Amino acid sequence: MELWYPWIKAFHLIAAIAWIAGMLYLPRLYVYHCEAEPGSVQSETFKVMERRLLRAIINPAMAATWVLGLWLVWLSEAWRAGWFHGKFVLLLILSAAHGLLARWRKDFAADRNRHSAKFYRVVNELPTLLLIGIVILAVVKPF
Ligand code: HEM
């Protein structure tokens with residue numbers, strides 16, 4: 001195993017934490033954004049916050065997590081392991097959730113949000129559940 005394997009893993013975790021933190025914060029912003037009148041100062045402020053969070057934090061963190069994670073897969077041959085197959089399914093769901101959050105941001109930016117505050121509250125729970133599953137699979141490696 002390469003000497004710098006633990007370094008790649010450390011930066012993989014830093015990127016994953018930033019990605020998940022953003023995925024938890026963005027739907028929270030949507031909950032509050034729902035309650036702001038379209039065209040109001042609050043609504044315009046939320047648009048700026050949402051755009052910056054996605055572009056400056058979430059997108060680069062997701063890209064870095066994937067690149068570093070796939071590098072670890074390559075070095076450790078994790079693709080052979082059952083736990084990784086489980087983790088991979090959860091990662092696909094997490095990445096799809098990322099795509100949906102990005103689409104909803106565009107709807108808000110155009111004052112065309114189609115969902116309720118309650119909807120975004122429920123959506124907010126998904127990254128939490130995925131986080132629990134991903135970390136248990138990667139650390140405990142139950143199968
Ligand atoms: C995006 C694609 C991802 C890929 C391809 C990937 C792949 C990997 C691989 C191969 C390892 C090395 C496991 C080992 O050395 O035993 C690893 C470690 C780890 N990953 Fe990921 N990962 C990804 C995303 C994530 C995310 C989003 C999280 C957290 C939410 C996460 C959490 C962890 C943790 C906690 C470890 C450390 C396991 C340990 O050494 O105990 N990963 N990942």
# chains A, B, ... in the order shown; residues from 1 in each chain; ligands from 1
call {"tool": "residues_around", "arguments": {"residues": "range 72-82 of chain A", "least_positions_apart": "2", "cutoff": "9 Å", "atoms": "only C-alpha atoms", "output": "PyMOL selection string"}}
result
chain A and resi 1-2+5+8-9+12+67-70+84-87+141-143
call {"tool": "write_last_selection", "arguments": {"atoms": "N, CA, C and O atoms", "output": "PDB file, in the first residue's frame"}}
result
ATOM      1  N   MET A   1       0.854  -1.214   0.000  1.00  0.00           N
ATOM      2  CA  MET A   1       0.000   0.000   0.000  1.00  0.00           C
ATOM      3  C   MET A   1       0.880   1.251   0.000  1.00  0.00           C
ATOM      4  O   MET A   1       1.850   1.326   0.744  1.00  0.00           O
ATOM      5  N   GLU A   2       0.552   2.171  -0.854  1.00  0.00           N
ATOM      6  CA  GLU A   2       1.333   3.413  -0.961  1.00  0.00           C
ATOM      7  C   GLU A   2       1.436   4.136   0.373  1.00  0.00           C
ATOM      8  O   GLU A   2       0.509   4.112   1.180  1.00  0.00           O
ATOM      9  N   TYR A   5      -1.253   6.741   1.050  1.00  0.00           N
ATOM     10  CA  TYR A   5      -2.656   6.297   1.120  1.00  0.00           C
ATOM     11  C   TYR A   5      -3.432   7.011   2.239  1.00  0.00           C
ATOM     12  O   TYR A   5      -4.522   7.531   2.005  1.00  0.00           O
ATOM     13  N   ILE A   8      -4.325  10.541   1.215  1.00  0.00           N
ATOM     14  CA  ILE A   8      -5.455  10.619   0.271  1.00  0.00           C
ATOM     15  C   ILE A   8      -6.754  10.441   1.048  1.00  0.00           C
ATOM     16  O   ILE A   8      -7.728  11.154   0.842  1.00  0.00           O
ATOM     17  N   LYS A   9      -6.735   9.480   2.017  1.00  0.00           N
ATOM     18  CA  LYS A   9      -7.936   9.213   2.809  1.00  0.00           C
ATOM     19  C   LYS A   9      -8.300  10.438   3.652  1.00  0.00           C
ATOM     20  O   LYS A   9      -9.481  10.794   3.757  1.00  0.00           O
ATOM     21  N   HIS A  12      -9.821  12.892   1.421  1.00  0.00           N
ATOM     22  CA  HIS A  12     -11.129  12.345   1.033  1.00  0.00           C
ATOM     23  C   HIS A  12     -12.165  12.684   2.111  1.00  0.00           C
ATOM     24  O   HIS A  12     -13.266  13.121   1.808  1.00  0.00           O
ATOM     25  N   VAL A  67     -13.116  12.145  -6.829  1.00  0.00           N
ATOM     26  CA  VAL A  67     -11.777  11.886  -7.388  1.00  0.00           C
ATOM     27  C   VAL A  67     -10.913  11.155  -6.362  1.00  0.00           C
ATOM     28  O   VAL A  67     -10.310  10.106  -6.652  1.00  0.00           O
ATOM     29  N   LEU A  68     -10.874  11.669  -5.123  1.00  0.00           N
ATOM     30  CA  LEU A  68     -10.039  11.055  -4.086  1.00  0.00           C
ATOM     31  C   LEU A  68     -10.582   9.668  -3.717  1.00  0.00           C
ATOM     32  O   LEU A  68      -9.810   8.731  -3.488  1.00  0.00           O
ATOM     33  N   GLY A  69     -11.930   9.529  -3.662  1.00  0.00           N
ATOM     34  CA  GLY A  69     -12.553   8.243  -3.325  1.00  0.00           C
ATOM     35  C   GLY A  69     -12.235   7.186  -4.376  1.00  0.00           C
ATOM     36  O   GLY A  69     -11.885   6.044  -4.041  1.00  0.00           O
ATOM     37  N   LEU A  70     -12.328   7.571  -5.666  1.00  0.00           N
ATOM     38  CA  LEU A  70     -12.038   6.596  -6.725  1.00  0.00           C
ATOM     39  C   LEU A  70     -10.550   6.232  -6.741  1.00  0.00           C
ATOM     40  O   LEU A  70     -10.179   5.104  -7.072  1.00  0.00           O
ATOM     41  N   PHE A  84     -18.196  -1.992  -0.127  1.00  0.00           N
ATOM     42  CA  PHE A  84     -18.068  -0.904  -1.096  1.00  0.00           C
ATOM     43  C   PHE A  84     -19.238  -0.897  -2.075  1.00  0.00           C
ATOM     44  O   PHE A  84     -19.700   0.162  -2.492  1.00  0.00           O
ATOM     45  N   HIS A  85     -19.746  -2.087  -2.425  1.00  0.00           N
ATOM     46  CA  HIS A  85     -20.912  -2.146  -3.319  1.00  0.00           C
ATOM     47  C   HIS A  85     -22.089  -1.435  -2.665  1.00  0.00           C
ATOM     48  O   HIS A  85     -22.798  -0.660  -3.314  1.00  0.00           O
ATOM     49  N   GLY A  86     -22.275  -1.689  -1.353  1.00  0.00           N
ATOM     50  CA  GLY A  86     -23.346  -1.011  -0.611  1.00  0.00           C
ATOM     51  C   GLY A  86     -23.111   0.486  -0.577  1.00  0.00           C
ATOM     52  O   GLY A  86     -24.017   1.288  -0.849  1.00  0.00           O
ATOM     53  N   LYS A  87     -21.864   0.870  -0.277  1.00  0.00           N
ATOM     54  CA  LYS A  87     -21.540   2.300  -0.214  1.00  0.00           C
ATOM     55  C   LYS A  87     -21.765   2.962  -1.570  1.00  0.00           C
ATOM     56  O   LYS A  87     -22.286   4.069  -1.642  1.00  0.00           O
ATOM     57  N   LYS A 141     -17.393  -1.877   7.836  1.00  0.00           N
ATOM     58  CA  LYS A 141     -17.285  -2.885   6.760  1.00  0.00           C
ATOM     59  C   LYS A 141     -17.975  -4.191   7.176  1.00  0.00           C
ATOM     60  O   LYS A 141     -17.335  -5.224   7.351  1.00  0.00           O
ATOM     61  N   PRO A 142     -19.309  -4.113   7.417  1.00  0.00           N
ATOM     62  CA  PRO A 142     -20.017  -5.280   7.980  1.00  0.00           C
ATOM     63  C   PRO A 142     -20.083  -6.485   7.026  1.00  0.00           C
ATOM     64  O   PRO A 142     -20.395  -7.581   7.486  1.00  0.00           O
ATOM     65  N   PHE A 143     -19.829  -6.280   5.742  1.00  0.00           N
ATOM     66  CA  PHE A 143     -19.813  -7.423   4.806  1.00  0.00           C
ATOM     67  C   PHE A 143     -18.843  -7.160   3.677  1.00  0.00           C
ATOM     68  O   PHE A 143     -18.320  -6.049   3.554  1.00  0.00           O
TER      69      PHE A 143
END
call {"tool": "residues_around", "arguments": {"residues": "Tyr120 in chain A", "least_positions_apart": "4", "cutoff": "9 Å", "atoms": "only C-alpha atoms", "output": "PyMOL selection string"}}
result
chain A and resi 27-28+30-31+115-116+124-125
call {"tool": "write_last_selection", "arguments": {"atoms": "all heavy atoms", "output": "PDB file, in the first residue's frame"}}
result
ATOM      1  N   PRO A  27     -30.871  22.539   1.712  1.00  0.00           N
ATOM      2  CA  PRO A  27     -32.332  22.405   1.861  1.00  0.00           C
ATOM      3  C   PRO A  27     -32.896  23.205   3.038  1.00  0.00           C
ATOM      4  O   PRO A  27     -34.049  23.612   3.018  1.00  0.00           O
ATOM      5  CB  PRO A  27     -32.567  20.904   2.064  1.00  0.00           C
ATOM      6  CG  PRO A  27     -31.249  20.259   2.165  1.00  0.00           C
ATOM      7  CD  PRO A  27     -30.187  21.236   1.791  1.00  0.00           C
ATOM      8  N   ARG A  28     -32.073  23.454   4.051  1.00  0.00           N
ATOM      9  CA  ARG A  28     -32.469  24.336   5.158  1.00  0.00           C
ATOM     10  C   ARG A  28     -32.730  25.752   4.628  1.00  0.00           C
ATOM     11  O   ARG A  28     -33.721  26.399   4.949  1.00  0.00           O
ATOM     12  CB  ARG A  28     -31.304  24.413   6.113  1.00  0.00           C
ATOM     13  CG  ARG A  28     -31.290  24.142   7.541  1.00  0.00           C
ATOM     14  CD  ARG A  28     -32.278  23.925   8.527  1.00  0.00           C
ATOM     15  NE  ARG A  28     -33.381  23.058   8.430  1.00  0.00           N
ATOM     16  CZ  ARG A  28     -34.560  23.368   8.935  1.00  0.00           C
ATOM     17  NH1 ARG A  28     -34.773  24.524   9.515  1.00  0.00           N
ATOM     18  NH2 ARG A  28     -35.537  22.506   8.876  1.00  0.00           N
ATOM     19  N   TYR A  30     -33.596  26.434   1.629  1.00  0.00           N
ATOM     20  CA  TYR A  30     -34.825  26.366   0.826  1.00  0.00           C
ATOM     21  C   TYR A  30     -36.070  26.472   1.717  1.00  0.00           C
ATOM     22  O   TYR A  30     -37.064  27.080   1.321  1.00  0.00           O
ATOM     23  CB  TYR A  30     -34.881  25.056   0.022  1.00  0.00           C
ATOM     24  CG  TYR A  30     -33.835  24.918  -1.066  1.00  0.00           C
ATOM     25  CD1 TYR A  30     -33.603  23.694  -1.678  1.00  0.00           C
ATOM     26  CD2 TYR A  30     -33.083  26.015  -1.489  1.00  0.00           C
ATOM     27  CE1 TYR A  30     -32.655  23.554  -2.690  1.00  0.00           C
ATOM     28  CE2 TYR A  30     -32.126  25.874  -2.486  1.00  0.00           C
ATOM     29  CZ  TYR A  30     -31.908  24.645  -3.086  1.00  0.00           C
ATOM     30  OH  TYR A  30     -30.969  24.506  -4.075  1.00  0.00           O
ATOM     31  N   VAL A  31     -36.014  25.854   2.916  1.00  0.00           N
ATOM     32  CA  VAL A  31     -37.152  25.936   3.849  1.00  0.00           C
ATOM     33  C   VAL A  31     -37.455  27.400   4.147  1.00  0.00           C
ATOM     34  O   VAL A  31     -38.606  27.853   4.054  1.00  0.00           O
ATOM     35  CB  VAL A  31     -36.852  25.168   5.164  1.00  0.00           C
ATOM     36  CG1 VAL A  31     -37.920  25.455   6.214  1.00  0.00           C
ATOM     37  CG2 VAL A  31     -36.741  23.665   4.913  1.00  0.00           C
ATOM     38  N   HIS A 115     -42.175  23.681  -4.708  1.00  0.00           N
ATOM     39  CA  HIS A 115     -42.353  22.817  -3.537  1.00  0.00           C
ATOM     40  C   HIS A 115     -42.581  23.625  -2.260  1.00  0.00           C
ATOM     41  O   HIS A 115     -42.245  24.802  -2.194  1.00  0.00           O
ATOM     42  CB  HIS A 115     -41.131  21.914  -3.377  1.00  0.00           C
ATOM     43  CG  HIS A 115     -40.871  21.057  -4.567  1.00  0.00           C
ATOM     44  ND1 HIS A 115     -41.668  19.992  -4.905  1.00  0.00           N
ATOM     45  CD2 HIS A 115     -39.919  21.137  -5.533  1.00  0.00           C
ATOM     46  CE1 HIS A 115     -41.212  19.436  -6.023  1.00  0.00           C
ATOM     47  NE2 HIS A 115     -40.154  20.119  -6.425  1.00  0.00           N
ATOM     48  N   SER A 116     -43.147  22.925  -1.247  1.00  0.00           N
ATOM     49  CA  SER A 116     -43.476  23.588   0.015  1.00  0.00           C
ATOM     50  C   SER A 116     -42.297  23.513   0.991  1.00  0.00           C
ATOM     51  O   SER A 116     -41.372  22.712   0.804  1.00  0.00           O
ATOM     52  CB  SER A 116     -44.676  22.887   0.653  1.00  0.00           C
ATOM     53  OG  SER A 116     -44.301  21.562   0.984  1.00  0.00           O
ATOM     54  N   ASN A 124     -34.474  17.352   3.652  1.00  0.00           N
ATOM     55  CA  ASN A 124     -33.339  17.627   4.531  1.00  0.00           C
ATOM     56  C   ASN A 124     -32.856  16.388   5.301  1.00  0.00           C
ATOM     57  O   ASN A 124     -31.699  16.300   5.691  1.00  0.00           O
ATOM     58  CB  ASN A 124     -33.764  18.714   5.532  1.00  0.00           C
ATOM     59  CG  ASN A 124     -32.614  19.623   5.906  1.00  0.00           C
ATOM     60  OD1 ASN A 124     -32.781  20.592   6.610  1.00  0.00           O
ATOM     61  ND2 ASN A 124     -31.429  19.332   5.432  1.00  0.00           N
ATOM     62  N   GLU A 125     -33.771  15.420   5.504  1.00  0.00           N
ATOM     63  CA  GLU A 125     -33.412  14.229   6.280  1.00  0.00           C
ATOM     64  C   GLU A 125     -32.606  13.219   5.448  1.00  0.00           C
ATOM     65  O   GLU A 125     -31.876  12.404   6.006  1.00  0.00           O
ATOM     66  CB  GLU A 125     -34.662  13.520   6.820  1.00  0.00           C
ATOM     67  CG  GLU A 125     -35.584  14.396   7.656  1.00  0.00           C
ATOM     68  CD  GLU A 125     -34.868  15.056   8.812  1.00  0.00           C
ATOM     69  OE1 GLU A 125     -33.967  14.419   9.397  1.00  0.00           O
ATOM     70  OE2 GLU A 125     -35.191  16.217   9.119  1.00  0.00           O
TER      71      GLU A 125
END
call {"tool": "closest_residue", "arguments": {"among": "A:Leu100, A:Val123, A:Ile132, A:Leu26", "to": "ligand 1", "atoms": "only C-alpha atoms and all ligand atoms"}}
result
A:Ile132
call {"tool": "atom_distance", "arguments": {"atom1": "CA of Leu29 in chain A", "atom2": "CA of Met49 in chain A"}}
result
8.3 Å
call {"tool": "residues_around", "arguments": {"residues": "Ala109 in chain A", "least_positions_apart": "3", "cutoff": "12 Å", "atoms": "only C-alpha atoms", "output": "list in words"}}
result
Tyr30, His33, Pro38, Gly39, Ser43, Glu44, Thr45, Phe46, Lys47, Val48, Met49, Glu50, Arg51, Ala102, Arg103, Trp104, Arg105, Lys106, Arg112 and Asn113 of chain A
call {"tool": "closest_residue", "arguments": {"among": "A:Thr128, A:Thr65, A:Ser40, A:Asn59", "to": "ligand 1", "atoms": "only C-alpha atoms and all ligand atoms"}}
result
A:Thr65
call {"tool": "select_by_dssp", "arguments": {"residues": "chain A", "states": "helix (DSSP H, G or I)", "output": "NGL selection string"}}
result
:A and (5-34 or 41-76 or 78-80 or 82-109 or 117-123 or 125-140)
call {"tool": "write_last_selection", "arguments": {"atoms": "C-alpha atoms", "output": "CSV table (one decimal), in the first residue's frame"}}
result
chain,number,residue,atom,x,y,z
A,5,TYR,CA,-2.7,6.3,1.1
A,6,PRO,CA,-3.6,7.8,4.6
A,7,TRP,CA,-3.1,11.3,3.1
A,8,ILE,CA,-5.5,10.6,0.3
A,9,LYS,CA,-7.9,9.2,2.8
A,10,ALA,CA,-7.6,12.3,5.1
A,11,PHE,CA,-8.3,14.7,2.2
A,12,HIS,CA,-11.1,12.3,1.0
A,13,LEU,CA,-12.7,12.8,4.5
A,14,ILE,CA,-12.2,16.6,4.5
A,15,ALA,CA,-13.9,16.8,1.1
A,16,ALA,CA,-16.7,14.5,2.1
A,17,ILE,CA,-17.4,16.5,5.3
A,18,ALA,CA,-17.6,19.7,3.3
A,19,TRP,CA,-19.9,18.1,0.7
A,20,ILE,CA,-22.3,16.7,3.4
A,21,ALA,CA,-22.3,19.9,5.4
A,22,GLY,CA,-23.4,21.8,2.2
A,23,MET,CA,-26.0,19.1,1.5
A,24,LEU,CA,-27.5,19.6,4.9
A,25,TYR,CA,-27.4,23.4,4.8
A,26,LEU,CA,-28.9,24.0,1.3
A,27,PRO,CA,-32.3,22.4,1.9
A,28,ARG,CA,-32.5,24.3,5.2
A,29,LEU,CA,-32.0,27.6,3.1
A,30,TYR,CA,-34.8,26.4,0.8
A,31,VAL,CA,-37.2,25.9,3.8
A,32,TYR,CA,-36.6,29.6,4.8
A,33,HIS,CA,-36.6,30.7,1.2
A,34,CYS,CA,-40.2,29.3,0.8
A,41,VAL,CA,-34.9,41.6,-0.2
A,42,GLN,CA,-34.8,38.3,1.8
A,43,SER,CA,-35.6,36.3,-1.3
A,44,GLU,CA,-32.8,37.9,-3.3
A,45,THR,CA,-30.4,37.4,-0.4
A,46,PHE,CA,-31.3,33.7,-0.3
A,47,LYS,CA,-30.6,33.4,-4.0
A,48,VAL,CA,-27.1,34.7,-3.5
A,49,MET,CA,-26.5,32.4,-0.5
A,50,GLU,CA,-27.8,29.4,-2.4
A,51,ARG,CA,-25.7,30.1,-5.5
A,52,ARG,CA,-22.5,30.7,-3.6
A,53,LEU,CA,-23.0,27.6,-1.3
A,54,LEU,CA,-23.5,25.4,-4.3
A,55,ARG,CA,-20.8,26.8,-6.6
A,56,ALA,CA,-18.1,27.6,-4.0
A,57,ILE,CA,-18.5,24.7,-1.6
A,58,ILE,CA,-20.8,21.8,-2.6
A,59,ASN,CA,-19.8,21.3,-6.2
A,60,PRO,CA,-16.0,21.4,-5.7
A,61,ALA,CA,-16.3,19.3,-2.5
A,62,MET,CA,-18.4,16.7,-4.4
A,63,ALA,CA,-15.8,16.6,-7.2
A,64,ALA,CA,-12.9,16.2,-4.8
A,65,THR,CA,-14.7,13.5,-2.8
A,66,TRP,CA,-15.3,11.5,-6.0
A,67,VAL,CA,-11.8,11.9,-7.4
A,68,LEU,CA,-10.0,11.1,-4.1
A,69,GLY,CA,-12.6,8.2,-3.3
A,70,LEU,CA,-12.0,6.6,-6.7
A,71,TRP,CA,-8.3,6.9,-6.2
A,72,LEU,CA,-8.7,5.0,-2.9
A,73,VAL,CA,-10.8,2.4,-4.7
A,74,TRP,CA,-8.0,2.0,-7.3
A,75,LEU,CA,-5.2,1.6,-4.7
A,76,SER,CA,-7.2,-0.6,-2.2
A,78,ALA,CA,-12.2,-1.8,-2.8
A,79,TRP,CA,-14.3,-2.7,-5.9
A,80,ARG,CA,-13.9,-6.3,-4.8
A,82,GLY,CA,-19.2,-6.1,-0.4
A,83,TRP,CA,-19.2,-3.0,1.8
A,84,PHE,CA,-18.1,-0.9,-1.1
A,85,HIS,CA,-20.9,-2.1,-3.3
A,86,GLY,CA,-23.3,-1.0,-0.6
A,87,LYS,CA,-21.5,2.3,-0.2
A,88,PHE,CA,-21.5,2.8,-4.0
A,89,VAL,CA,-25.4,2.5,-4.2
A,90,LEU,CA,-25.7,5.1,-1.4
A,91,LEU,CA,-23.2,7.4,-3.2
A,92,LEU,CA,-25.3,7.2,-6.4
A,93,ILE,CA,-28.4,8.2,-4.4
A,94,LEU,CA,-26.4,11.0,-2.7
A,95,SER,CA,-25.2,12.3,-6.1
A,96,ALA,CA,-28.7,12.2,-7.5
A,97,ALA,CA,-29.9,14.2,-4.5
A,98,HIS,CA,-27.2,16.7,-5.3
A,99,GLY,CA,-28.5,17.0,-8.9
A,100,LEU,CA,-32.1,17.6,-7.6
A,101,LEU,CA,-30.9,20.3,-5.1
A,102,ALA,CA,-29.1,22.0,-8.0
A,103,ARG,CA,-32.2,21.9,-10.1
A,104,TRP,CA,-34.4,23.3,-7.3
A,105,ARG,CA,-31.8,26.1,-6.8
A,106,LYS,CA,-32.4,27.1,-10.5
A,107,ASP,CA,-36.2,27.1,-9.9
A,108,PHE,CA,-35.7,29.4,-6.9
A,109,ALA,CA,-33.4,31.7,-8.9
A,117,ALA,CA,-41.4,24.3,3.1
A,118,LYS,CA,-42.5,20.9,4.5
A,119,PHE,CA,-41.2,19.2,1.3
A,120,TYR,CA,-37.7,20.7,1.9
A,121,ARG,CA,-37.9,19.7,5.6
A,122,VAL,CA,-38.4,16.1,4.6
A,123,VAL,CA,-35.7,16.3,1.9
A,125,GLU,CA,-33.4,14.2,6.3
A,126,LEU,CA,-32.1,12.3,3.3
A,127,PRO,CA,-28.4,13.4,3.4
A,128,THR,CA,-28.5,12.6,7.1
A,129,LEU,CA,-29.7,9.0,6.6
A,130,LEU,CA,-27.2,8.5,3.7
A,131,LEU,CA,-24.4,9.9,5.8
A,132,ILE,CA,-25.1,7.3,8.6
A,133,GLY,CA,-25.2,4.5,6.1
A,134,ILE,CA,-22.1,5.5,4.2
A,135,VAL,CA,-19.9,6.0,7.3
A,136,ILE,CA,-21.0,2.7,8.9
A,137,LEU,CA,-20.3,0.8,5.6
A,138,ALA,CA,-16.9,2.4,5.1
A,139,VAL,CA,-15.7,2.1,8.8
A,140,VAL,CA,-17.4,-1.1,10.1
call {"tool": "atom_distance", "arguments": {"atom1": "atom 4 (C, counted along the ligand's line) of ligand 1", "atom2": "CA of Trp4 in chain A"}}
result
16.9 Å
call {"tool": "decode", "arguments": {"residues": "range 73-131 of chain A", "atoms": "C-alpha atoms", "output": "mmCIF file, in the first residue's frame"}}
result
data_model
loop_
_atom_site.group_PDB
_atom_site.id
_atom_site.type_symbol
_atom_site.label_atom_id
_atom_site.label_comp_id
_atom_site.auth_asym_id
_atom_site.auth_seq_id
_atom_site.Cartn_x
_atom_site.Cartn_y
_atom_site.Cartn_z
ATOM 1 C CA VAL A 73 -10.799 2.409 -4.728
ATOM 2 C CA TRP A 74 -8.015 1.967 -7.300
ATOM 3 C CA LEU A 75 -5.249 1.621 -4.679
ATOM 4 C CA SER A 76 -7.159 -0.605 -2.228
ATOM 5 C CA GLU A 77 -9.090 -2.652 -4.838
ATOM 6 C CA ALA A 78 -12.211 -1.804 -2.829
ATOM 7 C CA TRP A 79 -14.345 -2.689 -5.870
ATOM 8 C CA ARG A 80 -13.948 -6.342 -4.817
ATOM 9 C CA ALA A 81 -15.512 -5.722 -1.374
ATOM 10 C CA GLY A 82 -19.191 -6.109 -0.450
ATOM 11 C CA TRP A 83 -19.235 -3.035 1.822
ATOM 12 C CA PHE A 84 -18.068 -0.904 -1.096
ATOM 13 C CA HIS A 85 -20.912 -2.146 -3.319
ATOM 14 C CA GLY A 86 -23.346 -1.011 -0.611
ATOM 15 C CA LYS A 87 -21.540 2.300 -0.214
ATOM 16 C CA PHE A 88 -21.544 2.814 -3.979
ATOM 17 C CA VAL A 89 -25.351 2.477 -4.164
ATOM 18 C CA LEU A 90 -25.719 5.086 -1.391
ATOM 19 C CA LEU A 91 -23.207 7.357 -3.191
ATOM 20 C CA LEU A 92 -25.285 7.202 -6.368
ATOM 21 C CA ILE A 93 -28.380 8.222 -4.379
ATOM 22 C CA LEU A 94 -26.416 11.047 -2.690
ATOM 23 C CA SER A 95 -25.153 12.282 -6.068
ATOM 24 C CA ALA A 96 -28.686 12.151 -7.520
ATOM 25 C CA ALA A 97 -29.919 14.170 -4.502
ATOM 26 C CA HIS A 98 -27.166 16.686 -5.280
ATOM 27 C CA GLY A 99 -28.496 16.989 -8.854
ATOM 28 C CA LEU A 100 -32.050 17.586 -7.608
ATOM 29 C CA LEU A 101 -30.905 20.252 -5.121
ATOM 30 C CA ALA A 102 -29.064 22.010 -7.979
ATOM 31 C CA ARG A 103 -32.220 21.887 -10.132
ATOM 32 C CA TRP A 104 -34.381 23.318 -7.307
ATOM 33 C CA ARG A 105 -31.835 26.118 -6.834
ATOM 34 C CA LYS A 106 -32.385 27.121 -10.464
ATOM 35 C CA ASP A 107 -36.170 27.125 -9.855
ATOM 36 C CA PHE A 108 -35.722 29.446 -6.857
ATOM 37 C CA ALA A 109 -33.351 31.694 -8.864
ATOM 38 C CA ALA A 110 -36.115 32.129 -11.484
ATOM 39 C CA ASP A 111 -38.837 32.634 -8.779
ATOM 40 C CA ARG A 112 -40.393 29.357 -9.939
ATOM 41 C CA ASN A 113 -40.124 27.173 -6.829
ATOM 42 C CA ARG A 114 -42.745 24.382 -6.998
ATOM 43 C CA HIS A 115 -42.353 22.817 -3.537
ATOM 44 C CA SER A 116 -43.476 23.588 0.015
ATOM 45 C CA ALA A 117 -41.355 24.295 3.107
ATOM 46 C CA LYS A 118 -42.547 20.933 4.468
ATOM 47 C CA PHE A 119 -41.225 19.166 1.344
ATOM 48 C CA TYR A 120 -37.747 20.670 1.878
ATOM 49 C CA ARG A 121 -37.858 19.719 5.577
ATOM 50 C CA VAL A 122 -38.385 16.081 4.586
ATOM 51 C CA VAL A 123 -35.701 16.322 1.851
ATOM 52 C CA ASN A 124 -33.339 17.627 4.531
ATOM 53 C CA GLU A 125 -33.412 14.229 6.280
ATOM 54 C CA LEU A 126 -32.132 12.277 3.264
ATOM 55 C CA PRO A 127 -28.446 13.369 3.403
ATOM 56 C CA THR A 128 -28.465 12.582 7.149
ATOM 57 C CA LEU A 129 -29.663 9.008 6.551
ATOM 58 C CA LEU A 130 -27.204 8.520 3.669
ATOM 59 C CA LEU A 131 -24.354 9.892 5.811
#
